[in-house]
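Trainee: Sending over protein_29.cif (mmCIF, C-alpha atoms and all ligand atoms).
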```cif
data_my_file
loop_
_atom_site.label_atom_id
_atom_site.label_comp_id
_atom_site.auth_asym_id
_atom_site.auth_seq_id
_atom_site.Cartn_x
_atom_site.Cartn_y
_atom_site.Cartn_z
CA MET A 20 0.00 0.00 0.00
CA ARG A 21 2.75 2.44 0.86
CA GLU A 22 4.37 4.13 -2.10
CA ALA A 23 8.06 3.49 -2.56
CA GLY A 24 10.05 6.36 -1.17
CA GLN A 25 7.17 7.65 0.93
CA LYS A 26 8.37 9.06 4.19
CA GLY A 27 7.66 7.03 7.30
CA ALA A 28 6.50 10.09 9.23
CA ASP A 29 2.91 8.84 9.64
CA VAL A 30 4.14 5.58 11.16
CA ALA A 31 6.54 7.44 13.44
CA ASP A 32 3.65 9.70 14.45
CA HIS A 33 1.71 6.89 16.06
CA SER A 34 4.58 4.69 17.23
CA GLN A 35 5.41 6.70 20.35
CA ALA A 36 1.76 6.85 21.36
CA TYR A 37 1.43 3.13 20.60
CA THR A 38 4.39 2.24 22.81
CA LEU A 39 2.86 4.18 25.68
CA LEU A 40 -0.60 2.64 25.15
CA ALA A 41 0.74 -0.90 24.78
CA GLY A 42 2.61 -0.47 28.06
CA GLN A 43 -0.53 0.76 29.82
CA LEU A 44 -2.65 -2.10 28.45
CA ALA A 45 -0.04 -4.70 29.43
CA ASP A 46 0.25 -3.18 32.91
CA GLY A 47 -3.52 -3.61 33.15
CA GLY A 48 -3.13 -7.33 32.48
CA LEU A 49 -4.20 -7.31 28.82
CA ASP A 50 -2.45 -9.37 26.13
CA VAL A 51 -1.61 -6.72 23.53
CA GLU A 52 -0.37 -9.22 20.95
CA ALA A 53 -3.64 -11.17 21.22
CA ILE A 54 -5.60 -7.93 20.81
CA LYS A 55 -3.64 -7.09 17.67
CA ARG A 56 -4.20 -10.59 16.28
CA ALA A 57 -7.95 -10.19 16.81
CA LEU A 58 -7.97 -6.82 15.05
CA LYS A 59 -6.02 -8.21 12.11
CA ALA A 60 -8.53 -11.07 11.79
CA GLN A 61 -11.57 -8.76 11.86
CA ARG A 62 -13.79 -9.00 8.78
CA VAL A 63 -16.51 -6.66 7.57
CA GLU A 64 -18.49 -7.23 4.37
CA THR A 65 -19.40 -4.22 2.26
CA PRO A 66 -22.59 -4.02 0.16
CA SER A 67 -22.62 -3.62 -3.61
CA TRP A 68 -25.51 -1.16 -3.27
CA GLY A 69 -23.35 1.19 -1.23
CA TYR A 70 -21.24 2.04 -4.28
CA SER A 71 -23.93 3.05 -6.78
CA ASP A 72 -26.09 6.14 -6.93
CA SER A 73 -28.84 6.14 -4.36
CA GLY A 74 -31.15 8.61 -2.77
CA THR A 75 -34.17 9.23 -0.69
CA ARG A 76 -37.80 9.02 -1.75
CA PHE A 77 -37.36 12.61 -2.87
CA LYS A 78 -34.21 12.76 -4.91
CA THR A 79 -31.26 10.73 -6.06
CA PHE A 80 -28.15 12.87 -6.22
CA PRO A 81 -25.75 11.46 -8.80
CA TRP A 82 -22.21 11.14 -7.48
CA PRO A 83 -19.21 11.59 -9.82
CA GLY A 84 -17.70 8.18 -10.39
CA ALA A 85 -20.46 6.20 -8.67
CA ALA A 86 -20.35 2.56 -9.77
CA ARG A 87 -22.62 1.90 -12.75
CA ASP A 88 -22.60 -1.89 -12.74
CA VAL A 89 -21.61 -4.80 -10.58
CA ARG A 90 -18.05 -4.93 -11.92
CA GLU A 91 -17.48 -1.32 -10.92
CA LYS A 92 -19.06 -2.04 -7.53
CA LEU A 93 -16.59 -4.90 -7.03
CA ALA A 94 -13.73 -2.60 -8.04
CA ASP A 95 -14.77 -0.02 -5.44
CA ALA A 96 -15.16 -2.72 -2.81
CA ALA A 97 -11.70 -4.02 -3.69
CA MET A 98 -10.32 -0.52 -3.13
CA VAL A 99 -11.93 -0.41 0.32
CA HIS A 100 -10.34 -3.80 1.09
CA LYS A 101 -6.96 -2.65 -0.21
CA LEU A 102 -7.08 0.35 2.13
CA THR A 103 -8.41 -1.42 5.23
CA GLY A 104 -7.32 -5.06 4.83
CA THR A 105 -10.64 -5.95 6.45
CA CYS A 106 -13.26 -6.23 3.69
CA PRO A 107 -12.54 -9.18 1.37
CA SER A 108 -16.20 -9.95 0.59
CA VAL A 109 -19.03 -8.08 -1.12
CA ALA A 110 -22.75 -8.61 -0.58
CA LEU A 111 -24.82 -8.72 -3.78
CA HIS A 112 -28.43 -7.78 -4.37
CA ILE A 113 -30.43 -9.71 -6.94
CA PRO A 114 -31.60 -8.60 -9.51
CA TRP A 115 -29.69 -5.30 -9.18
CA ASP A 116 -26.41 -7.18 -9.60
CA MET A 117 -27.67 -9.87 -11.98
CA VAL A 118 -25.20 -11.12 -14.60
CA ASP A 119 -25.33 -13.91 -17.18
CA ASP A 120 -22.04 -15.48 -16.22
CA TRP A 121 -21.56 -15.86 -12.46
CA ALA A 122 -18.34 -17.83 -12.80
CA GLU A 123 -16.87 -14.96 -14.79
CA LEU A 124 -17.97 -12.39 -12.17
CA LYS A 125 -16.57 -14.54 -9.37
CA ALA A 126 -13.23 -14.79 -11.19
CA TYR A 127 -13.24 -11.05 -11.85
CA GLY A 128 -13.78 -10.32 -8.16
CA GLU A 129 -11.00 -12.70 -7.21
CA SER A 130 -8.66 -10.98 -9.67
CA LEU A 131 -9.33 -7.79 -7.68
CA GLY A 132 -8.87 -9.52 -4.32
CA VAL A 133 -12.52 -9.79 -3.25
CA HIS A 134 -15.07 -12.59 -3.24
CA ILE A 135 -18.85 -12.72 -3.36
CA GLY A 136 -20.51 -12.62 0.05
CA ALA A 137 -24.14 -12.71 1.14
CA ILE A 138 -26.78 -12.99 -1.59
CA ASN A 139 -29.78 -10.70 -0.98
CA PRO A 140 -32.95 -11.41 -2.96
CA ASN A 141 -35.17 -8.49 -3.84
CA LEU A 142 -38.76 -9.14 -2.81
CA PHE A 143 -40.13 -5.62 -2.92
CA GLN A 144 -39.63 -3.86 -6.23
CA ASP A 145 -41.84 -5.84 -8.61
CA GLU A 146 -45.38 -4.68 -9.35
CA VAL A 147 -46.82 -7.93 -8.05
CA TYR A 148 -45.40 -7.25 -4.58
CA ARG A 149 -47.72 -4.29 -3.89
CA LEU A 150 -49.48 -6.28 -1.16
CA GLY A 151 -46.46 -8.29 -0.11
CA SER A 152 -44.32 -11.20 -1.30
CA VAL A 153 -44.12 -14.34 0.87
CA CYS A 154 -47.14 -13.21 2.93
CA HIS A 155 -49.25 -12.21 -0.08
CA HIS A 156 -52.79 -13.61 -0.16
CA ASP A 157 -52.32 -14.85 -3.74
CA PRO A 158 -50.40 -18.15 -3.96
CA ALA A 159 -49.10 -17.15 -7.41
CA VAL A 160 -47.30 -14.13 -5.94
CA ARG A 161 -45.87 -16.25 -3.13
CA ARG A 162 -44.71 -18.77 -5.73
CA ARG A 163 -42.86 -16.02 -7.58
CA ALA A 164 -41.16 -14.85 -4.37
CA ILE A 165 -40.16 -18.41 -3.47
CA GLU A 166 -38.80 -19.06 -6.96
CA HIS A 167 -36.70 -15.89 -6.73
CA MET A 168 -35.24 -17.02 -3.40
CA LEU A 169 -34.51 -20.47 -4.85
CA GLU A 170 -32.74 -18.74 -7.73
CA CYS A 171 -30.65 -16.87 -5.15
CA VAL A 172 -29.75 -20.16 -3.43
CA GLU A 173 -28.44 -21.33 -6.82
CA ILE A 174 -26.53 -18.10 -7.39
CA ALA A 175 -24.96 -18.47 -3.96
CA GLY A 176 -23.94 -21.98 -4.93
CA VAL A 177 -22.10 -20.93 -8.09
CA THR A 178 -20.52 -17.82 -6.54
CA GLY A 179 -19.26 -19.71 -3.50
CA SER A 180 -21.43 -17.76 -1.10
CA THR A 181 -22.75 -19.47 2.02
CA LEU A 182 -25.18 -16.76 3.13
CA LEU A 183 -28.73 -16.16 1.96
CA SER A 184 -29.77 -12.87 3.54
CA LEU A 185 -33.51 -12.24 3.66
CA TRP A 186 -35.46 -9.08 4.31
CA PHE A 187 -39.15 -8.76 3.50
CA ALA A 188 -41.04 -5.54 2.96
CA ASP A 189 -44.24 -7.42 3.77
CA GLY A 190 -46.84 -5.77 5.95
CA THR A 191 -50.16 -4.00 5.85
CA ASN A 192 -51.21 -0.39 6.16
CA TYR A 193 -54.70 -0.75 7.61
CA ALA A 194 -56.35 -2.79 10.32
CA GLY A 195 -58.36 -5.56 8.72
CA GLN A 196 -56.46 -5.38 5.43
CA ASP A 197 -55.41 -9.02 5.76
CA SER A 198 -55.42 -11.86 8.27
CA LEU A 199 -52.43 -11.51 10.60
CA SER A 200 -52.34 -15.22 11.45
CA GLU A 201 -52.72 -16.30 7.82
CA ARG A 202 -49.84 -14.04 6.85
CA LYS A 203 -47.73 -15.71 9.53
CA HIS A 204 -48.56 -19.16 8.15
CA ARG A 205 -47.72 -18.09 4.59
CA LEU A 206 -44.39 -16.65 5.72
CA LEU A 207 -43.30 -19.84 7.48
CA GLU A 208 -44.50 -22.08 4.66
CA SER A 209 -42.53 -20.04 2.09
CA LEU A 210 -39.35 -20.04 4.17
CA ARG A 211 -39.61 -23.79 4.77
CA GLU A 212 -39.44 -24.45 1.04
CA VAL A 213 -36.38 -22.24 0.60
CA TYR A 214 -34.70 -23.69 3.67
CA ALA A 215 -35.17 -27.21 2.33
CA ALA A 216 -33.35 -26.25 -0.88
CA MET A 217 -30.25 -24.92 0.88
CA PRO A 218 -27.05 -26.98 0.86
CA ALA A 219 -25.68 -28.00 4.26
CA GLU A 220 -23.02 -25.28 4.36
CA MET A 221 -25.48 -22.45 3.65
CA ARG A 222 -27.09 -20.28 6.30
CA MET A 223 -30.34 -18.37 6.00
CA LEU A 224 -30.15 -15.01 7.77
CA ILE A 225 -33.58 -13.63 8.68
CA GLU A 226 -33.70 -9.85 9.04
CA TYR A 227 -36.44 -7.98 10.88
CA LYS A 228 -37.54 -4.36 10.83
CA PHE A 229 -40.12 -2.86 13.11
CA PHE A 230 -41.85 -0.71 10.51
CA GLU A 231 -41.58 0.60 6.93
CA PRO A 232 -42.65 0.39 4.21
CA ALA A 233 -45.86 -0.83 5.82
CA PHE A 234 -47.09 1.24 8.73
CA TYR A 235 -49.93 -0.64 10.41
CA GLN A 236 -48.27 -4.03 10.71
CA THR A 237 -45.02 -5.62 9.59
CA ASP A 238 -44.85 -9.38 9.18
CA LEU A 239 -41.31 -9.65 10.57
CA PRO A 240 -41.22 -6.75 13.02
CA ASP A 241 -38.71 -7.81 15.65
CA TRP A 242 -35.96 -10.21 16.70
CA GLY A 243 -38.40 -12.43 18.58
CA THR A 244 -40.41 -13.12 15.44
CA ALA A 245 -37.25 -13.80 13.44
CA TYR A 246 -35.97 -16.03 16.26
CA ALA A 247 -39.21 -18.02 16.39
CA LEU A 248 -39.05 -18.60 12.64
CA ALA A 249 -35.37 -19.57 12.80
CA LEU A 250 -36.14 -22.08 15.58
CA LYS A 251 -38.91 -23.68 13.53
CA LEU A 252 -36.81 -23.81 10.36
CA GLY A 253 -33.71 -25.43 11.84
CA PRO A 254 -30.04 -24.90 12.67
CA GLN A 255 -29.15 -23.30 9.34
CA ALA A 256 -31.57 -20.42 9.98
CA GLN A 257 -30.44 -17.54 12.19
CA VAL A 258 -31.38 -13.95 12.97
CA LEU A 259 -29.82 -10.94 11.29
CA VAL A 260 -29.65 -7.78 13.39
CA ASP A 261 -29.76 -4.57 11.34
CA THR A 262 -28.74 -1.88 13.79
CA GLY A 263 -31.14 0.61 12.18
CA HIS A 264 -34.24 -1.58 12.48
CA HIS A 265 -35.36 -0.93 16.04
CA ALA A 266 -37.60 1.46 17.87
CA GLN A 267 -35.94 4.34 19.70
CA GLY A 268 -34.38 3.24 22.95
CA THR A 269 -34.25 -0.47 22.13
CA ASN A 270 -31.36 -2.19 23.90
CA ILE A 271 -29.68 -3.77 20.88
CA GLU A 272 -26.75 -5.21 22.85
CA GLN A 273 -29.21 -7.19 24.96
CA ILE A 274 -30.74 -8.68 21.80
CA VAL A 275 -27.21 -9.53 20.66
CA ALA A 276 -26.36 -11.17 24.00
CA PHE A 277 -29.56 -13.23 23.97
CA LEU A 278 -29.18 -14.45 20.39
CA LEU A 279 -25.48 -15.26 20.86
CA ASP A 280 -26.30 -17.32 23.92
CA GLU A 281 -28.94 -19.21 21.98
CA GLY A 282 -26.64 -19.79 18.98
CA LYS A 283 -29.05 -17.87 16.78
CA LEU A 284 -27.15 -14.69 15.95
CA GLY A 285 -26.39 -15.04 12.26
CA GLY A 286 -25.04 -11.62 11.46
CA PHE A 287 -25.29 -7.88 11.40
CA HIS A 288 -26.23 -5.15 9.04
CA PHE A 289 -24.33 -2.19 10.40
CA ASN A 290 -25.53 1.37 9.97
CA ALA A 291 -26.50 4.30 12.14
CA ARG A 292 -29.87 5.88 12.68
CA LYS A 293 -31.26 8.94 14.34
CA TYR A 294 -34.94 8.59 13.46
CA ALA A 295 -35.98 5.82 11.11
CA ASP A 296 -33.95 3.40 9.00
CA ASP A 297 -31.49 6.13 8.05
CA ASP A 298 -28.73 3.83 6.68
CA LEU A 299 -26.10 6.34 7.79
CA ILE A 300 -22.44 5.61 8.48
CA VAL A 301 -22.24 3.17 11.38
CA GLY A 302 -20.90 4.61 14.61
CA THR A 303 -21.63 8.23 13.74
CA VAL A 304 -24.77 8.73 15.83
CA ASN A 305 -24.13 6.51 18.82
CA PRO A 306 -20.60 5.07 18.98
CA PHE A 307 -21.20 3.96 22.58
CA GLU A 308 -24.02 1.67 21.43
CA LEU A 309 -21.76 0.12 18.80
CA PHE A 310 -19.10 -0.41 21.45
CA LEU A 311 -21.63 -2.11 23.75
CA ILE A 312 -22.66 -4.42 20.90
CA TYR A 313 -19.03 -5.36 20.32
CA ASN A 314 -18.56 -5.75 24.04
CA GLU A 315 -21.14 -8.56 23.98
CA LEU A 316 -19.49 -10.15 20.95
CA VAL A 317 -16.05 -10.14 22.57
CA ALA A 318 -17.51 -11.43 25.84
CA ALA A 319 -19.19 -14.31 23.95
CA SER A 320 -15.82 -15.33 22.50
CA GLU A 321 -16.17 -18.61 20.54
CA ALA A 322 -19.96 -18.35 20.48
CA ALA A 323 -19.54 -15.36 18.13
CA ARG A 324 -17.20 -17.24 15.77
CA ASP A 325 -19.58 -17.55 12.81
CA VAL A 326 -21.29 -14.17 13.06
CA ALA A 327 -21.33 -12.37 9.68
CA TYR A 328 -20.51 -8.68 9.91
CA MET A 329 -21.98 -6.70 7.06
CA ILE A 330 -22.52 -3.04 6.32
CA ASP A 331 -25.95 -2.06 4.98
CA GLN A 332 -25.70 1.59 4.06
CA SER A 333 -26.51 3.90 1.19
CA HIS A 334 -24.56 7.12 0.98
CA ASN A 335 -26.63 9.79 -0.65
CA ILE A 336 -24.81 13.08 -0.08
CA GLU A 337 -21.28 11.95 0.78
CA PRO A 338 -18.40 10.41 -1.20
CA LYS A 339 -19.18 6.72 -1.52
CA VAL A 340 -15.80 5.02 -1.21
CA GLU A 341 -14.67 7.39 1.54
CA ALA A 342 -17.96 6.78 3.40
CA MET A 343 -17.42 3.03 3.21
CA VAL A 344 -13.84 3.30 4.47
CA GLN A 345 -15.06 5.51 7.32
CA SER A 346 -17.69 2.91 8.19
CA VAL A 347 -15.06 0.19 8.41
CA LEU A 348 -12.83 2.39 10.58
CA ASN A 349 -15.72 3.02 12.95
CA VAL A 350 -16.42 -0.71 13.28
CA GLN A 351 -12.72 -1.36 13.91
CA MET A 352 -12.76 1.34 16.58
CA ALA A 353 -15.71 -0.28 18.35
CA TYR A 354 -14.02 -3.68 18.26
CA ALA A 355 -10.74 -2.26 19.56
CA HIS A 356 -12.56 -0.56 22.45
CA ALA A 357 -14.31 -3.83 23.30
CA LEU A 358 -11.00 -5.71 23.20
CA VAL A 359 -9.44 -3.41 25.80
CA VAL A 360 -12.23 -3.99 28.34
CA ASP A 361 -10.68 -5.41 31.51
CA ARG A 362 -12.98 -8.44 31.73
CA ARG A 363 -11.51 -9.75 34.96
CA ALA A 364 -12.11 -6.41 36.68
CA LEU A 365 -15.59 -6.27 35.18
CA ALA A 366 -16.47 -9.72 36.54
CA GLU A 367 -15.07 -8.77 39.96
CA ARG A 368 -17.07 -5.53 40.14
CA GLN A 369 -20.22 -7.36 39.00
CA ALA A 370 -19.73 -10.10 41.60
CA ALA A 371 -19.24 -7.45 44.29
CA GLY A 372 -22.49 -5.74 43.31
CA ASP A 373 -20.47 -2.61 42.57
CA VAL A 374 -22.89 -0.83 40.22
CA LEU A 375 -20.76 2.13 39.26
CA GLY A 376 -17.44 0.33 39.55
CA ALA A 377 -18.61 -2.18 36.95
CA HIS A 378 -19.95 0.60 34.74
CA ARG A 379 -16.62 2.45 34.97
CA VAL A 380 -14.74 -0.62 33.70
CA LEU A 381 -16.70 -0.24 30.47
CA THR A 382 -16.38 3.52 30.23
CA ASP A 383 -12.64 3.30 30.93
CA ALA A 384 -12.30 1.06 27.87
CA PHE A 385 -14.55 3.26 25.75
CA GLU A 386 -12.56 6.36 26.69
CA THR A 387 -9.22 4.75 25.90
CA ASP A 388 -7.66 6.30 22.81
CA VAL A 389 -7.12 3.18 20.69
CA ARG A 390 -6.15 5.05 17.55
CA PRO A 391 -2.40 4.36 18.00
CA LEU A 392 -3.23 0.65 18.45
CA LEU A 393 -5.22 0.58 15.20
CA ALA A 394 -2.50 2.49 13.38
CA GLN A 395 0.07 -0.02 14.62
CA VAL A 396 -2.11 -2.94 13.50
CA ARG A 397 -2.41 -1.42 10.02
CA ALA A 398 1.32 -0.78 9.80
CA GLU A 399 2.00 -4.40 10.77
CA MET A 400 -0.47 -5.49 8.06
CA GLY A 401 1.50 -3.49 5.49
CA LEU A 402 -1.23 -0.88 5.21
CA HIS A 403 -1.16 2.88 5.51
CA PRO A 404 -1.89 3.68 9.18
CA ASP A 405 -4.50 6.20 8.02
CA PRO A 406 -6.74 4.64 5.33
CA ILE A 407 -8.60 7.90 4.64
CA ALA A 408 -5.31 9.68 3.97
CA ALA A 409 -4.27 6.75 1.79
CA LEU A 410 -7.49 7.05 -0.20
CA LYS A 411 -6.94 10.78 -0.74
CA GLU A 412 -3.33 10.18 -1.77
CA SER A 413 -4.29 7.38 -4.15
CA GLY A 414 -6.30 9.62 -6.49
CA TYR A 415 -8.82 6.75 -6.85
CA GLU A 416 -11.90 8.93 -6.53
CA GLN A 417 -10.68 11.34 -9.22
CA LYS A 418 -9.74 8.44 -11.45
CA VAL A 419 -13.16 6.77 -11.34
CA ALA A 420 -14.93 10.13 -11.65
CA ALA A 421 -13.02 10.75 -14.89
CA GLU A 422 -13.59 7.22 -16.19
CA ARG A 423 -17.23 6.79 -15.21
CA GLY A 424 -18.51 10.34 -15.25
CA THR A 425 -21.67 11.48 -13.49
CA ALA A 426 -25.05 9.92 -14.17
CA THR A 427 -27.68 12.10 -15.75
CA GLY A 428 -31.41 11.76 -15.67
CA VAL A 429 -31.61 10.11 -12.26
CA GLY A 430 -34.76 11.14 -10.46
CA GLY A 431 -36.17 10.21 -7.12
CA GLY A 432 -36.34 6.89 -5.44
CA PHE A 433 -33.93 4.13 -4.69
CA PRO A 434 -32.03 2.62 -6.33
CA THR A 435 -31.15 3.84 -9.81
CA THR A 436 -29.39 0.66 -10.80
MN MN B 1 -30.48 -4.36 6.43
#
```
So that I can check it, write out the structure of this file as structure tokens.
Mentor:
Amino acid sequence: MREAGQKGADVADHSQAYTLLAGQLADGGLDVEAIKRALKAQRVETPSWGYSDSGTRFKTFPWPGAARDVREKLADAAMVHKLTGTCPSVALHIPWDMVDDWAELKAYGESLGVHIGAINPNLFQDEVYRLGSVCHHDPAVRRRAIEHMLECVEIAGVTGSTLLSLWFADGTNYAGQDSLSERKHRLLESLREVYAAMPAEMRMLIEYKFFEPAFYQTDLPDWGTAYALALKLGPQAQVLVDTGHHAQGTNIEQIVAFLLDEGKLGGFHFNARKYADDDLIVGTVNPFELFLIYNELVAASEAARDVAYMIDQSHNIEPKVEAMVQSVLNVQMAYAHALVVDRRALAERQAAGDVLGAHRVLTDAFETDVRPLLAQVRAEMGLHPDPIAALKESGYEQKVAAERGTATGVGGGFPTT
């Protein structure tokens, strides 16, 4: 990553601070080498849809150099991985990313250093889905939704993906519009058919969202509903927690702790929210919440081994590649803070019934400046210690803006590709 002849000043800048921090952490009984190993092994999947033009219901603002097709999305994702060393896989959305030759796309991604990650079927943009997909009253519509998911299972098979990631826009807007219990039966019946078609190594991740686009009732509104379905379906079905899909004040880390303990936490969609499902850069609104989520993951240790960490964001007014890099840095920051929690002291304070002492163990970790630690980890991985600076220095954004230009004629709505 570092240009030949580039001065080592940025490494020197953090090395003194790192030496001091490493000494403090070791004095506190932490294994700094183990913490660095964990940070180097961290993986975060980026979404193809985060690299193309997107917008709100009101307007899509075209971004210079935004990816126009799936190959360009993979190229942008590969750049994010090159800068961070953390993002070797890319989630795809079908049919937005549909191609004729999946083997060719897979090989193209691998030539760039990335592979295909979770496959996300689209069950909300076709005309027939006006009243829902898998919960629709018409069996023909449900059949179409099921066939699309089965197609995605096949795509996952040929692309080497082991994750089928499901989110349904199903719900109703008015009391009495449909039978709530019948919709539940239709949902389970549809998922059972898809589950049965999955190979043994594949996992079905079931995402929930408490409202939107329907406003009276949502068929999969919360983690409990997703958990109940996953239990009925079997061990290959798990819950996906999208951090933006909860009511205000929901204790997400408690949901995470519960699902981890039950072996039913399949993965995350990271983003930040202030009001609704804002899909903003993770860690920008409430970094403490993200830290507390990672605190549960670190505490769970081996039970969190197979959790899939994915970003689900659309950047509408900010530079897309830079926004994705920033998202990854924020997730790394949360993980680093969780890794420096003194778990022995925490357990002691908890056992002593020391309410504020236990709380301060967490806040001490959260207030630790782990930036020199992360810079050191990057330097040891052969990366620039400051990935944002590396992106700016690379000229990548100018290069793709010149090559791809700026889309014209994009209107409102999401997405444009
Ligand atoms: Mn999501």
Trainee: Give the padded box for stretch 156-172 of chain A as JSON: axis-aligned, covering all atoms listed in the file, 3 Å on each side, centre and edge lengths in Å to one decimal.
Mentor:
```
{"center_x": -41.3, "center_y": -17.0, "center_z": -3.9, "size_x": 29.0, "size_y": 12.9, "size_z": 13.6}
```
Trainee: Given the point (-18.6, 3.7, 7.9) in the file's coordinates, find the residues that have an atom at most 10 Å from it, counting only C-alpha atoms, and give them as a list in words.
Mentor: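 Residues close enough to count: Thr65, Phe289, Asn290, Ala291, Leu299, Ile300, Val301, Gly302, Thr303, Ile330, Asp331, Gln332, His334, Lys339, Val340, Glu341, Ala342, Met343, Val344, Gln345, Ser346, Val347, Leu348, Asn349, Val350 and Gln351 of chain A.
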Trainee: Between A:Arg202, A:Arg162, A:Lys125, A:His112, single out the one closest to A:Pro66, counting all atoms listed in the file.
Mentor: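 Selected residue with least distance to A:Pro66: A:His112.
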Trainee: Between A:Lys92, A:His134, A:His167, A:Arg363, single out the one closest to A:Leu49, counting only C-alpha atoms.
Mentor: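 Counting only C-alpha atoms, the residue closest to A:Leu49 is A:Arg363.
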Trainee: When you look at A:Leu224 with a cut-off of 9 Å (counting only C-alpha atoms), what residues show up, excluding the ones that are within fewer than 4 positions of it in the same chain? I need them as a list in words.
Mentor: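 Here the qualifying residues turn out to be Leu182, Leu183, Ser184, Leu185, Trp186, Ala249, Gln255, Ala256, Gln257, Val258, Leu259, Leu284, Gly285 and Gly286 of chain A.
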Trainee: Between A:Ala137, A:Ala276, A:Ala394, A:Ala86, which one has atoms that come closest to ligand MN 1 (chain B), using only C-alpha atoms and all ligand atoms?
Mentor: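 Counting only C-alpha atoms and all ligand atoms, the residue closest to ligand MN 1 (chain B) is A:Ala137.
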Trainee: Go through the chains and note each residue within 7 Å of ligand MN 1 (chain B), using all atoms listed in the file, then give the set as a list in words.
Mentor: Glu226, Asp261, His288 and Asp331 of chain A
Trainee: What separation in Å, quoted to one decimal, exists between atom CA of A:Glu166 and atom CA of A:Tyr214?
Mentor: 12.3 Å
Trainee: Return the single residue from A:Asp238, A:Glu231, A:Asp72, A:Glu173 that is closest to A:Glu201, with distances computed using all atoms listed in the file.
Mentor: A:Asp238
Trainee: Using all atoms listed in the file, find the one residue out of A:Gln43, A:Ser200, A:Thr387, A:Ser67 that sits nearest to A:Trp115.
Mentor: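 The answer is A:Ser67, which sits nearest to A:Trp115.
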Trainee: What does the distance between atom CA of A:Thr105 and atom CA of A:Phe287 come to in Å, to one decimal place?
Mentor: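 Interatomic distance here is 15.6 Å.
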Trainee: Nearest to A:Glu208 among A:Ile165, A:Val160, A:Ala295, A:Leu150, with distances taken over only C-alpha atoms: which residue is it?
Mentor: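 With only C-alpha atoms as the atom set, the closest residue is A:Ile165.
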Trainee: Within 9 Å of A:Val317, counting all atoms listed in the file, which residues qualify if same-chain residues fewer than 6 places away don't, as a list of chain:residue names?
Mentor: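 After dropping sequence-adjacent residues, the list is A:Ala323, A:Tyr354, A:Ala357, A:Leu358.
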